[in-house]
Amino acid sequence: RLPSVQNPVTPLYQMKIFAPNVVAAKSKFWYYASLLKKVKKANGEIVSCSEVLEKKPTRIKNFGLWVRYDSRSGTHNMYREYRSLSVAEAVTLCYRDMAARHRARANSVQIMRVEEVDANKCRRAHVKQFHNSAIRFPLPHRVVKSQYKSKIVAKRPNTFF
């Protein structure tokens with residue numbers, strides 16, 4: 001809120017908003033501020049709007065997302081887990097997953113909370129399957145394609161290495 005005679009010291013509200021650009025982020029801020037704190041755009045101002053960067057962008061992490069979304073039948077709460085390099089990437093995965101599985105558009109999905117989850121606290125099987133330290137990804141049927149090698153040879157190609 002803007003300072004006034006009755007209230008010279010006004011409270012500051014902070015939100016983590018996931019948006020594609022600054023304009024969309026500010027718009028979402030005012031949408032949630034008017035819902036949660038009864039603050040209109042005319043009675044307040046945005047002090048700062050900045051992108052939060054990842055501390056370790058090269059390390060893979062497990063993220064838990066608490067999501068609320070409006071479906072055709074009502075409002076639902078969800079907890080979802082994703083494995084990703086950054087929070088922003090995990091949120092993007094969530095938006096795409098919600099669109100694919102539940103036909104939920106981005107404007108009907110609200111990200112309530114995002115947390116990094118330890119490996120032993122993960123609940124979902126599709127995330128837990130990658131916690132094995134001896135995991136291997138074999139490449140069974142590899143066909144060597146070269147424009148210089150002859151296509152017609154006397155013996156069968158070896159595709160298993």
# chains A, B, ... in the order shown; residues from 1 in each chain; ligands from 1
>>> residues_around(residues="A:Ile60", least_positions_apart="6", cutoff="9 Å", atoms="only C-alpha atoms", output="MDAnalysis selection string")
chainID A and resid 83:86
>>> residues_around(residues="A:Ile46", least_positions_apart="3", cutoff="12 Å", atoms="only C-alpha atoms", output="PyMOL selection string")
chain A and resi 1-2+12-15+22-23+25-30+33+39-43+49-50
>>> residues_around(residues="A:His102", least_positions_apart="4", cutoff="8 Å", atoms="only C-alpha atoms", output="compact mmCIF listing (two decimals) with all heavy atoms, in the first residue's frame")
# COMPACT_ATOMS: atom_id res chain seq x y z
N SER A 71 -10.55 -27.34 -12.46
CA SER A 71 -10.93 -28.23 -13.56
C SER A 71 -12.35 -27.88 -13.99
O SER A 71 -12.93 -26.90 -13.50
CB SER A 71 -10.86 -29.69 -13.10
OG SER A 71 -11.89 -29.97 -12.19
N ASP A 97 2.80 -30.75 -17.73
CA ASP A 97 2.21 -32.00 -17.25
C ASP A 97 0.73 -31.81 -16.92
O ASP A 97 -0.09 -32.68 -17.23
CB ASP A 97 2.98 -32.46 -16.01
CG ASP A 97 2.82 -33.93 -15.74
OD1 ASP A 97 2.64 -34.70 -16.70
OD2 ASP A 97 2.89 -34.33 -14.56
N MET A 98 0.39 -30.68 -16.31
CA MET A 98 -1.01 -30.40 -15.97
C MET A 98 -1.84 -30.21 -17.24
O MET A 98 -2.99 -30.64 -17.31
CB MET A 98 -1.10 -29.14 -15.10
CG MET A 98 -0.54 -29.30 -13.72
SD MET A 98 -1.39 -30.53 -12.74
CE MET A 98 -2.94 -29.75 -12.48
>>> residues_around(residues="A:Leu65", least_positions_apart="4", cutoff="9 Å", atoms="only C-alpha atoms", output="PyMOL selection string")
chain A and resi 78-82+90-91+94+111-116
>>> write_last_selection(atoms="C-alpha atoms", output="short mmCIF file (atom, residue, chain, number, x, y, z; two decimals), in the first residue's frame")
data_model
loop_
_atom_site.label_atom_id
_atom_site.label_comp_id
_atom_site.auth_asym_id
_atom_site.auth_seq_id
_atom_site.Cartn_x
_atom_site.Cartn_y
_atom_site.Cartn_z
CA MET A 78 -2.21 -31.57 -5.70
CA TYR A 79 1.31 -32.46 -4.70
CA ARG A 80 3.63 -33.24 -7.62
CA GLU A 81 7.31 -34.16 -7.86
CA TYR A 82 9.77 -33.43 -10.63
CA ALA A 90 10.43 -27.82 -12.64
CA VAL A 91 7.55 -25.31 -12.77
CA CYS A 94 4.47 -28.93 -14.02
CA ILE A 111 1.68 -22.83 -7.89
CA MET A 112 1.29 -22.59 -4.11
CA ARG A 113 4.73 -23.70 -2.97
CA VAL A 114 7.93 -25.15 -4.46
CA GLU A 115 10.54 -26.93 -2.34
CA GLU A 116 13.65 -28.94 -2.98
#
>>> atom_distance(atom1="atom CA of A:Tyr69", atom2="atom CA of A:Ser108")
5.5 Å
>>> select_by_dssp(residues="stretch 2-122 of chain A", states="strand (DSSP E or B)", output="list in words")
Lys61, Asn62, Phe63, Gly64, Leu65, Trp66, Val67, Arg68, Tyr69, Asp70, Thr75, His76, Asn77, Met78, Tyr79, Arg80, Glu81, Tyr82, Arg83, Ser84, Val109, Gln110, Ile111, Met112, Arg113, Val114, Glu115, Glu116 and Val117 of chain A
>>> decode(residues="stretch 24-115 of chain A", atoms="C-alpha atoms", output="CSV table (one decimal), in the first residue's frame")
chain,number,residue,atom,x,y,z
A,24,ALA,CA,3.2,-11.1,-16.9
A,25,ALA,CA,4.8,-11.3,-13.5
A,26,LYS,CA,3.6,-7.9,-12.4
A,27,SER,CA,0.1,-8.7,-13.7
A,28,LYS,CA,0.1,-12.0,-11.7
A,29,PHE,CA,1.3,-10.1,-8.6
A,30,TRP,CA,-1.6,-7.7,-8.7
A,31,TYR,CA,-4.0,-10.5,-9.3
A,32,TYR,CA,-2.9,-12.4,-6.2
A,33,ALA,CA,-2.4,-9.3,-4.1
A,34,SER,CA,-6.0,-8.3,-4.7
A,35,LEU,CA,-7.2,-11.8,-3.8
A,36,LEU,CA,-5.1,-12.4,-0.8
A,37,LYS,CA,-4.4,-8.9,0.8
A,38,LYS,CA,-7.1,-6.7,-0.7
A,39,VAL,CA,-4.6,-4.3,-2.3
A,40,LYS,CA,-5.5,-2.7,-5.6
A,41,LYS,CA,-3.0,-1.5,-8.2
A,42,ALA,CA,-4.1,2.1,-7.6
A,43,ASN,CA,-3.3,1.8,-3.9
A,44,GLY,CA,0.1,0.2,-4.1
A,45,GLU,CA,3.3,0.0,-6.0
A,46,ILE,CA,5.8,-2.7,-6.9
A,47,VAL,CA,9.1,-2.0,-5.2
A,48,SER,CA,11.2,-4.5,-7.2
A,49,CYS,CA,10.8,-7.4,-9.6
A,50,SER,CA,13.8,-9.6,-10.2
A,51,GLU,CA,14.6,-13.0,-11.5
A,52,VAL,CA,15.8,-15.5,-8.9
A,53,LEU,CA,18.7,-17.6,-10.3
A,54,GLU,CA,19.7,-21.1,-9.2
A,55,LYS,CA,22.6,-21.5,-6.8
A,56,LYS,CA,23.8,-24.7,-8.4
A,57,PRO,CA,22.5,-24.8,-11.9
A,58,THR,CA,24.5,-27.9,-12.9
A,59,ARG,CA,23.3,-30.2,-10.1
A,60,ILE,CA,20.1,-32.2,-10.6
A,61,LYS,CA,17.5,-31.8,-7.8
A,62,ASN,CA,14.2,-33.2,-6.8
A,63,PHE,CA,11.4,-30.6,-6.4
A,64,GLY,CA,8.0,-30.9,-4.7
A,65,LEU,CA,5.3,-28.6,-6.0
A,66,TRP,CA,2.0,-27.9,-4.2
A,67,VAL,CA,-0.5,-27.0,-6.9
A,68,ARG,CA,-4.1,-25.8,-7.0
A,69,TYR,CA,-6.0,-25.9,-10.2
A,70,ASP,CA,-9.5,-25.4,-11.5
A,71,SER,CA,-10.9,-28.2,-13.6
A,72,ARG,CA,-14.3,-28.5,-15.3
A,73,SER,CA,-15.8,-29.9,-12.1
A,74,GLY,CA,-14.2,-27.9,-9.4
A,75,THR,CA,-11.0,-26.8,-7.6
A,76,HIS,CA,-8.4,-29.4,-6.7
A,77,ASN,CA,-5.2,-29.5,-4.7
A,78,MET,CA,-2.2,-31.6,-5.7
A,79,TYR,CA,1.3,-32.5,-4.7
A,80,ARG,CA,3.6,-33.2,-7.6
A,81,GLU,CA,7.3,-34.2,-7.9
A,82,TYR,CA,9.8,-33.4,-10.6
A,83,ARG,CA,13.5,-34.0,-11.2
A,84,SER,CA,15.1,-30.9,-12.7
A,85,LEU,CA,18.1,-28.6,-12.7
A,86,SER,CA,16.3,-25.5,-11.6
A,87,VAL,CA,13.0,-24.4,-10.0
A,88,ALA,CA,11.9,-22.6,-13.1
A,89,GLU,CA,12.4,-25.8,-15.2
A,90,ALA,CA,10.4,-27.8,-12.6
A,91,VAL,CA,7.5,-25.3,-12.8
A,92,THR,CA,7.6,-25.4,-16.6
A,93,LEU,CA,7.4,-29.2,-16.4
A,94,CYS,CA,4.5,-28.9,-14.0
A,95,TYR,CA,2.5,-26.6,-16.3
A,96,ARG,CA,3.1,-28.9,-19.3
A,97,ASP,CA,2.2,-32.0,-17.2
A,98,MET,CA,-1.0,-30.4,-16.0
A,99,ALA,CA,-2.0,-29.4,-19.5
A,100,ALA,CA,-1.3,-32.9,-20.8
A,101,ARG,CA,-2.8,-35.0,-18.0
A,102,HIS,CA,-5.7,-32.8,-16.8
A,103,ARG,CA,-6.3,-30.4,-19.7
A,104,ALA,CA,-5.6,-27.5,-17.3
A,105,ARG,CA,-4.7,-24.2,-18.9
A,106,ALA,CA,-1.8,-22.2,-17.4
A,107,ASN,CA,-4.2,-19.5,-16.1
A,108,SER,CA,-6.2,-22.1,-14.1
A,109,VAL,CA,-3.1,-23.5,-12.4
A,110,GLN,CA,-1.7,-21.9,-9.3
A,111,ILE,CA,1.7,-22.8,-7.9
A,112,MET,CA,1.3,-22.6,-4.1
A,113,ARG,CA,4.7,-23.7,-3.0
A,114,VAL,CA,7.9,-25.2,-4.5
A,115,GLU,CA,10.5,-26.9,-2.3
